[in-house]
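Reviewing the structure listed below.
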Amino acid sequence: MKGIKSWGYPVLLLGGIGVSNIGEWIYFLSLNLIVLKETGSAFAVSVLYLIRPAAVLMTNVWAGSIIDRFNKRNIMFTLDFFRAMLITILPLMLSAWSVYSVYCIVFFINMANAMFRPSSMAYVTLLIPPERRKRFNSLRALLESGAFLLGPAAAGLLFIAGTPIFAIWVNAAALSLSGIITMMLPNLEKDLHLQSSRQKLSLAVYKEDWQLVYRFSRTARNVMFIYFLFSLVMTVMMSALDSLEAAFAKDVLQLTDADYGFLNSVAGAGIIAGALVNVLFVKKLPTFLLMGSGALLVSVGYMIYAFSEFFWTAALGFFLLAFFLSFANTGFLTFYQKHIPVDIMGRVGSLYSLFEAVFIILITGLFGVLAIGASIQHIVMTGAAVMLVMAVVLCSFLFISAKRRTSGVFSADQSKQT
């Protein structure tokens, strides 16, 4: 009974995350359709994909300083309501002004998203005891996997029942519900805003915070090396390879639209299956094994896909990489929560996400330019090979560190921070 009661707030938080993730898929698909209908241009839709990293670049320079100094729960529900308001007026802006006004609104929505993620990471670390974080993260991965399937399905039903604009407003309602759920969570930092109000944010404060992240990165080299390498493998290279996914399926594998849709269904099945297995066995698997082996096997899945000549080989690669995504992400979240001090988590996460966004833009842009004159298959093969090599380095480093009693090394690193 005590165990059930102690999981009350985490379950409430998971409910808010689930509602928000499903709503995000509805918003994403609806917005693409609205912009395509209004402009008739595939390029206009592609601009939406560039807005997110641009918003991260604009936001994460200063967002971490605010997150670490103010109440995380209050930041979270304020951002939920702010995003809900912007999404509500999004269709109205399109009918009254132009697609450029939509880009501006989407930019601010993505700025809020960029700020929400490190805020929620810090709050989860405060709310969930260390011994329960791995289980919580595995359940979160399961919810996000479910949203991958339920979100598009819900969007499709809403398109049948109404219009993409109606679906957009449903997403605004979902975000409002998520904000209300967040308001019901415990206020773990009641006096933090009083202390923060005494220090005005300025360029000098931001510079001091950047220096703090730099000092921490130097004293916790092992932690930050793993963090950065994992980001390169699981975010930067995946984003770059995914940008060529449709072209690879059509031009190299010669898939029909129906085949391509089925290929994505196979990936969805892999995500759900992997997340379920992850939940069942997560307590028995150490964090370094989840993180390292997960990243390695995701990379192997990409290699199988990149060297495929037939549909079923590509489907095997897709299923494999999707299956191990939740293992890698659960391991990474648990690692991050254990080794990054919660009082600087916002600043560390924000600044490293900034670097991550820069790499995504550069590598994705490079792949796009190379695809103009070079073979798409050779580009995807090369990208998958680079991803695999980095995953092998990451996995090796994690296993070597584990043998040397990783936790003790990291604790010593953290004790040196200024």
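Residue names in the structure tokens use chain letters A, B, ... in the order shown, residue numbers from 1 in each chain, and ligand numbers from 1 in the order shown.
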
Range 223-300 of chain A near range 385-395 of chain A within 6 Å: what's each residue's closest atom pair and its distance in Å to one decimal, counting only C-alpha atoms, ordered by chain then ascending residue number, as a Markdown table?
```
| residue | atom | partner | partner_atom | distance |
| --- | --- | --- | --- | --- |
| A:Val233 | CA | A:Met387 | CA | 5.6 |
| A:Gly292 | CA | A:Cys395 | CA | 4.3 |
| A:Ala295 | CA | A:Ala391 | CA | 6.0 |
| A:Leu296 | CA | A:Ala391 | CA | 5.0 |
| A:Ser299 | CA | A:Leu388 | CA | 5.0 |
```

How about saving the chosen residues, N, CA and C atoms kept, as a CSV table (one decimal), in the first residue's frame?
```
chain,number,residue,atom,x,y,z
A,233,VAL,N,25.8,10.2,-31.3
A,233,VAL,CA,25.3,9.0,-31.9
A,233,VAL,C,23.8,9.0,-32.0
A,292,GLY,N,25.1,1.8,-23.3
A,292,GLY,CA,26.1,1.4,-24.3
A,292,GLY,C,25.6,0.4,-25.3
A,295,ALA,N,22.8,1.9,-27.6
A,295,ALA,CA,23.3,2.8,-28.7
A,295,ALA,C,24.0,1.9,-29.8
A,296,LEU,N,24.7,0.9,-29.3
A,296,LEU,CA,25.5,0.1,-30.3
A,296,LEU,C,24.5,-0.7,-31.2
A,299,SER,N,22.8,1.5,-33.7
A,299,SER,CA,23.7,1.7,-34.8
A,299,SER,C,23.8,0.5,-35.8
```

* Nearby residues (only C-alpha atoms) at most 10 Å from Gly268 in chain A, same-chain spacing under 5 positions excluded, as an MDAnalysis selection string -> chainID A and resid 145:146 148:149 262:263 273:274 318:319 322:323

For N, CA and C atoms, I'd like the residues from the last selection saved as a PDB file, in the first residue's frame.
```pdb
ATOM      1  N   SER A 145       6.846   5.912 -26.547  1.00  0.00           N
ATOM      2  CA  SER A 145       6.682   4.954 -27.643  1.00  0.00           C
ATOM      3  C   SER A 145       5.212   4.809 -28.011  1.00  0.00           C
ATOM      4  N   GLY A 146       4.364   4.764 -26.988  1.00  0.00           N
ATOM      5  CA  GLY A 146       2.929   4.693 -27.240  1.00  0.00           C
ATOM      6  C   GLY A 146       2.426   5.916 -27.986  1.00  0.00           C
ATOM      7  N   PHE A 148       4.089   7.593 -30.088  1.00  0.00           N
ATOM      8  CA  PHE A 148       4.557   7.460 -31.470  1.00  0.00           C
ATOM      9  C   PHE A 148       3.494   6.790 -32.342  1.00  0.00           C
ATOM     10  N   LEU A 149       2.731   5.864 -31.741  1.00  0.00           N
ATOM     11  CA  LEU A 149       1.665   5.182 -32.472  1.00  0.00           C
ATOM     12  C   LEU A 149       0.311   5.848 -32.267  1.00  0.00           C
ATOM     13  N   PHE A 262       4.369   0.702 -44.614  1.00  0.00           N
ATOM     14  CA  PHE A 262       4.518  -0.532 -43.847  1.00  0.00           C
ATOM     15  C   PHE A 262       5.866  -0.574 -43.133  1.00  0.00           C
ATOM     16  N   LEU A 263       6.905  -0.049 -43.784  1.00  0.00           N
ATOM     17  CA  LEU A 263       8.232   0.006 -43.168  1.00  0.00           C
ATOM     18  C   LEU A 263       8.189   0.838 -41.884  1.00  0.00           C
ATOM     19  N   ALA A 273       7.537  -2.846 -28.839  1.00  0.00           N
ATOM     20  CA  ALA A 273       8.069  -4.103 -28.311  1.00  0.00           C
ATOM     21  C   ALA A 273       9.301  -3.849 -27.440  1.00  0.00           C
ATOM     22  N   GLY A 274      10.200  -3.001 -27.919  1.00  0.00           N
ATOM     23  CA  GLY A 274      11.404  -2.692 -27.146  1.00  0.00           C
ATOM     24  C   GLY A 274      11.088  -2.005 -25.835  1.00  0.00           C
ATOM     25  N   PHE A 318      15.201  -1.662 -39.500  1.00  0.00           N
ATOM     26  CA  PHE A 318      14.288  -0.706 -38.861  1.00  0.00           C
ATOM     27  C   PHE A 318      13.774  -1.236 -37.525  1.00  0.00           C
ATOM     28  N   PHE A 319      13.366  -2.506 -37.517  1.00  0.00           N
ATOM     29  CA  PHE A 319      12.835  -3.093 -36.280  1.00  0.00           C
ATOM     30  C   PHE A 319      13.913  -3.125 -35.201  1.00  0.00           C
ATOM     31  N   ALA A 322      14.704   0.409 -33.858  1.00  0.00           N
ATOM     32  CA  ALA A 322      13.576   0.916 -33.081  1.00  0.00           C
ATOM     33  C   ALA A 322      13.438   0.183 -31.752  1.00  0.00           C
ATOM     34  N   PHE A 323      13.707  -1.127 -31.765  1.00  0.00           N
ATOM     35  CA  PHE A 323      13.562  -1.946 -30.563  1.00  0.00           C
ATOM     36  C   PHE A 323      14.485  -1.464 -29.444  1.00  0.00           C
TER      37      PHE A 323
END
```

* Do a neighbour search on Val99 in chain A at 8 Å with only C-alpha atoms, toss out local chain neighbours closer than 3 positions, and write the hits as a PyMOL selection string. => chain A and resi 35+38-39+94+102-103

Write the residues of the preceding selection, restricted to N, CA and C atoms, as a JSON list (two decimals), in the first residue's frame.
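What follows is the written file selection16.json:
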```
[["chain", "number", "residue", "atom", "x", "y", "z"],
["A", 35, "VAL", "N", 0.02, 23.93, -43.42],
["A", 35, "VAL", "CA", 0.98, 24.72, -44.20],
["A", 35, "VAL", "C", 1.01, 24.25, -45.65],
["A", 38, "GLU", "N", -2.17, 25.50, -47.43],
["A", 38, "GLU", "CA", -2.20, 26.95, -47.65],
["A", 38, "GLU", "C", -1.18, 27.41, -48.69],
["A", 39, "THR", "N", -0.04, 26.72, -48.75],
["A", 39, "THR", "CA", 1.03, 27.17, -49.64],
["A", 39, "THR", "C", 1.18, 26.30, -50.88],
["A", 94, "LEU", "N", -2.92, 32.24, -39.42],
["A", 94, "LEU", "CA", -2.76, 31.84, -40.81],
["A", 94, "LEU", "C", -3.84, 32.44, -41.69],
["A", 102, "VAL", "N", 2.80, 32.30, -39.21],
["A", 102, "VAL", "CA", 2.79, 30.96, -38.63],
["A", 102, "VAL", "C", 4.21, 30.55, -38.23],
["A", 103, "TYR", "N", 5.17, 30.84, -39.10],
["A", 103, "TYR", "CA", 6.56, 30.53, -38.76],
["A", 103, "TYR", "C", 6.99, 31.23, -37.46]]
```

* Identify, with DSSP run on backbone atoms, the residues in range 211-373 of chain A assigned to alpha helix (DSSP H), and express the list as a ChimeraX atom specification. => /A:211-219,221-231,238-242,245-247,257-281,287-306,311-323,325-339,345-373

Selected residues written out, C-alpha atoms, as a short mmCIF file (atom, residue, chain, number, x, y, z; two decimals), in the first residue's frame:
```cif
data_model
loop_
_atom_site.label_atom_id
_atom_site.label_comp_id
_atom_site.auth_asym_id
_atom_site.auth_seq_id
_atom_site.Cartn_x
_atom_site.Cartn_y
_atom_site.Cartn_z
CA GLN A 211 32.11 29.45 -17.15
CA LEU A 212 30.51 27.25 -14.48
CA VAL A 213 29.45 24.72 -17.13
CA TYR A 214 32.96 24.84 -18.59
CA ARG A 215 34.55 24.20 -15.17
CA PHE A 216 32.16 21.35 -14.47
CA SER A 217 32.89 19.84 -17.90
CA ARG A 218 36.63 19.92 -17.15
CA THR A 219 36.33 18.35 -13.69
CA ARG A 221 35.47 14.85 -18.13
CA ASN A 222 34.32 11.23 -18.10
CA VAL A 223 30.69 12.23 -17.59
CA MET A 224 30.65 14.91 -20.25
CA PHE A 225 32.58 12.81 -22.77
CA ILE A 226 29.93 10.09 -22.47
CA TYR A 227 27.13 12.69 -22.58
CA PHE A 228 28.48 14.36 -25.72
CA LEU A 229 29.35 11.12 -27.53
CA PHE A 230 25.90 9.69 -26.81
CA SER A 231 24.32 12.89 -28.19
CA MET A 238 20.16 9.82 -36.26
CA SER A 239 18.70 13.18 -37.30
CA ALA A 240 21.05 13.43 -40.28
CA LEU A 241 20.32 9.87 -41.43
CA ASP A 242 16.57 10.28 -40.90
CA GLU A 245 15.18 8.18 -45.03
CA ALA A 246 12.35 8.88 -47.50
CA ALA A 247 14.75 9.47 -50.41
CA ASP A 257 4.14 4.49 -50.84
CA ALA A 258 2.38 1.47 -49.32
CA ASP A 259 5.70 -0.33 -48.74
CA TYR A 260 7.19 2.78 -47.14
CA GLY A 261 4.17 3.12 -44.87
CA PHE A 262 4.52 -0.53 -43.85
CA LEU A 263 8.23 0.01 -43.17
CA ASN A 264 7.34 2.77 -40.72
CA SER A 265 4.75 0.48 -39.14
CA VAL A 266 7.50 -2.09 -38.56
CA ALA A 267 9.53 0.63 -36.81
CA GLY A 268 6.50 1.48 -34.67
CA ALA A 269 6.10 -2.17 -33.69
CA GLY A 270 9.80 -2.31 -32.80
CA ILE A 271 9.52 0.78 -30.59
CA ILE A 272 6.54 -0.62 -28.66
CA ALA A 273 8.07 -4.10 -28.31
CA GLY A 274 11.40 -2.69 -27.15
CA ALA A 275 9.77 -0.36 -24.65
CA LEU A 276 7.72 -3.22 -23.15
CA VAL A 277 10.75 -5.50 -22.82
CA ASN A 278 12.70 -2.58 -21.36
CA VAL A 279 10.07 -2.04 -18.65
CA LEU A 280 10.12 -5.73 -17.74
CA PHE A 281 13.89 -6.13 -17.47
CA THR A 287 22.71 1.68 -16.56
CA PHE A 288 25.96 1.44 -18.52
CA LEU A 289 24.71 -1.72 -20.27
CA LEU A 290 21.37 -0.12 -21.20
CA MET A 291 23.09 2.97 -22.54
CA GLY A 292 26.09 1.42 -24.31
CA SER A 293 24.52 -1.72 -25.75
CA GLY A 294 21.37 0.19 -26.67
CA ALA A 295 23.31 2.78 -28.69
CA LEU A 296 25.46 0.07 -30.29
CA LEU A 297 22.51 -2.06 -31.40
CA VAL A 298 20.61 0.99 -32.71
CA SER A 299 23.69 1.72 -34.84
CA VAL A 300 23.81 -1.91 -36.03
CA GLY A 301 20.16 -1.53 -37.08
CA TYR A 302 21.08 1.53 -39.15
CA MET A 303 23.95 -0.40 -40.76
CA ILE A 304 21.62 -3.25 -41.77
CA TYR A 305 19.20 -0.68 -43.20
CA ALA A 306 21.95 1.25 -45.03
CA PHE A 311 12.46 -4.61 -48.34
CA TRP A 312 12.67 -7.31 -45.66
CA THR A 313 16.33 -6.61 -44.91
CA ALA A 314 15.50 -2.93 -44.47
CA ALA A 315 12.53 -3.89 -42.28
CA LEU A 316 14.83 -5.99 -40.07
CA GLY A 317 17.19 -3.04 -39.66
CA PHE A 318 14.29 -0.71 -38.86
CA PHE A 319 12.84 -3.09 -36.28
CA LEU A 320 16.23 -3.62 -34.60
CA LEU A 321 17.09 0.07 -34.30
CA ALA A 322 13.58 0.92 -33.08
CA PHE A 323 13.56 -1.95 -30.56
CA LEU A 325 15.87 2.97 -28.74
CA SER A 326 14.11 2.81 -25.35
CA PHE A 327 17.02 0.87 -23.80
CA ALA A 328 19.51 3.52 -24.90
CA ASN A 329 17.32 6.45 -23.86
CA THR A 330 16.42 4.95 -20.47
CA GLY A 331 20.10 4.36 -19.74
CA PHE A 332 21.03 7.88 -20.82
CA LEU A 333 18.32 9.60 -18.73
CA THR A 334 19.31 7.59 -15.65
CA PHE A 335 22.99 8.34 -16.25
CA TYR A 336 22.25 12.05 -16.68
CA GLN A 337 20.15 12.26 -13.52
CA LYS A 338 22.81 10.47 -11.48
CA HIS A 339 25.89 12.35 -12.60
CA MET A 345 21.25 20.65 -14.60
CA GLY A 346 19.39 23.39 -16.47
CA ARG A 347 22.57 25.19 -17.48
CA VAL A 348 24.46 22.03 -18.46
CA GLY A 349 21.54 20.58 -20.43
CA SER A 350 20.75 23.85 -22.19
CA LEU A 351 24.29 24.64 -23.31
CA TYR A 352 25.03 21.11 -24.50
CA SER A 353 21.70 21.06 -26.37
CA LEU A 354 22.90 24.25 -28.06
CA PHE A 355 26.03 22.48 -29.32
CA GLU A 356 23.89 19.52 -30.31
CA ALA A 357 21.62 21.76 -32.42
CA VAL A 358 24.65 23.27 -34.19
CA PHE A 359 25.95 19.79 -35.08
CA ILE A 360 22.49 18.70 -36.29
CA ILE A 361 22.30 21.69 -38.64
CA LEU A 362 25.86 21.17 -39.93
CA ILE A 363 25.72 17.39 -40.45
CA THR A 364 22.18 17.38 -41.86
CA GLY A 365 23.10 20.24 -44.17
CA LEU A 366 26.26 18.39 -45.27
CA PHE A 367 24.27 15.26 -46.06
CA GLY A 368 21.75 17.34 -48.02
CA VAL A 369 24.46 19.03 -50.09
CA LEU A 370 26.25 15.72 -50.76
CA ALA A 371 22.95 14.15 -51.85
CA ILE A 372 22.77 16.62 -54.77
CA GLY A 373 25.72 15.05 -56.60
#
```

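Here CA of Leu398 in chain A and CA of Pro286 in chain A stand 11.1 Å from one another.
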
* **Between CA of Phe81 in chain A and CA of Leu177 in chain A - distance in Å to one decimal** => 8.9 Å

* **Distance criterion (only C-alpha atoms): nearest to Tyr9 in chain A out of A:Asn187, A:Ser202, A:Ser401, A:Ser46** => A:Asn187

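Of the residues listed (A:Leu12, A:Val106, A:Ala402, A:Val124), A:Leu12 shows the shortest atom-to-atom separation from Ile180 in chain A; distances use only C-alpha atoms.
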
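Between CA of Leu33 in chain A and CA of Val45 in chain A there is a distance of 8.4 Å.
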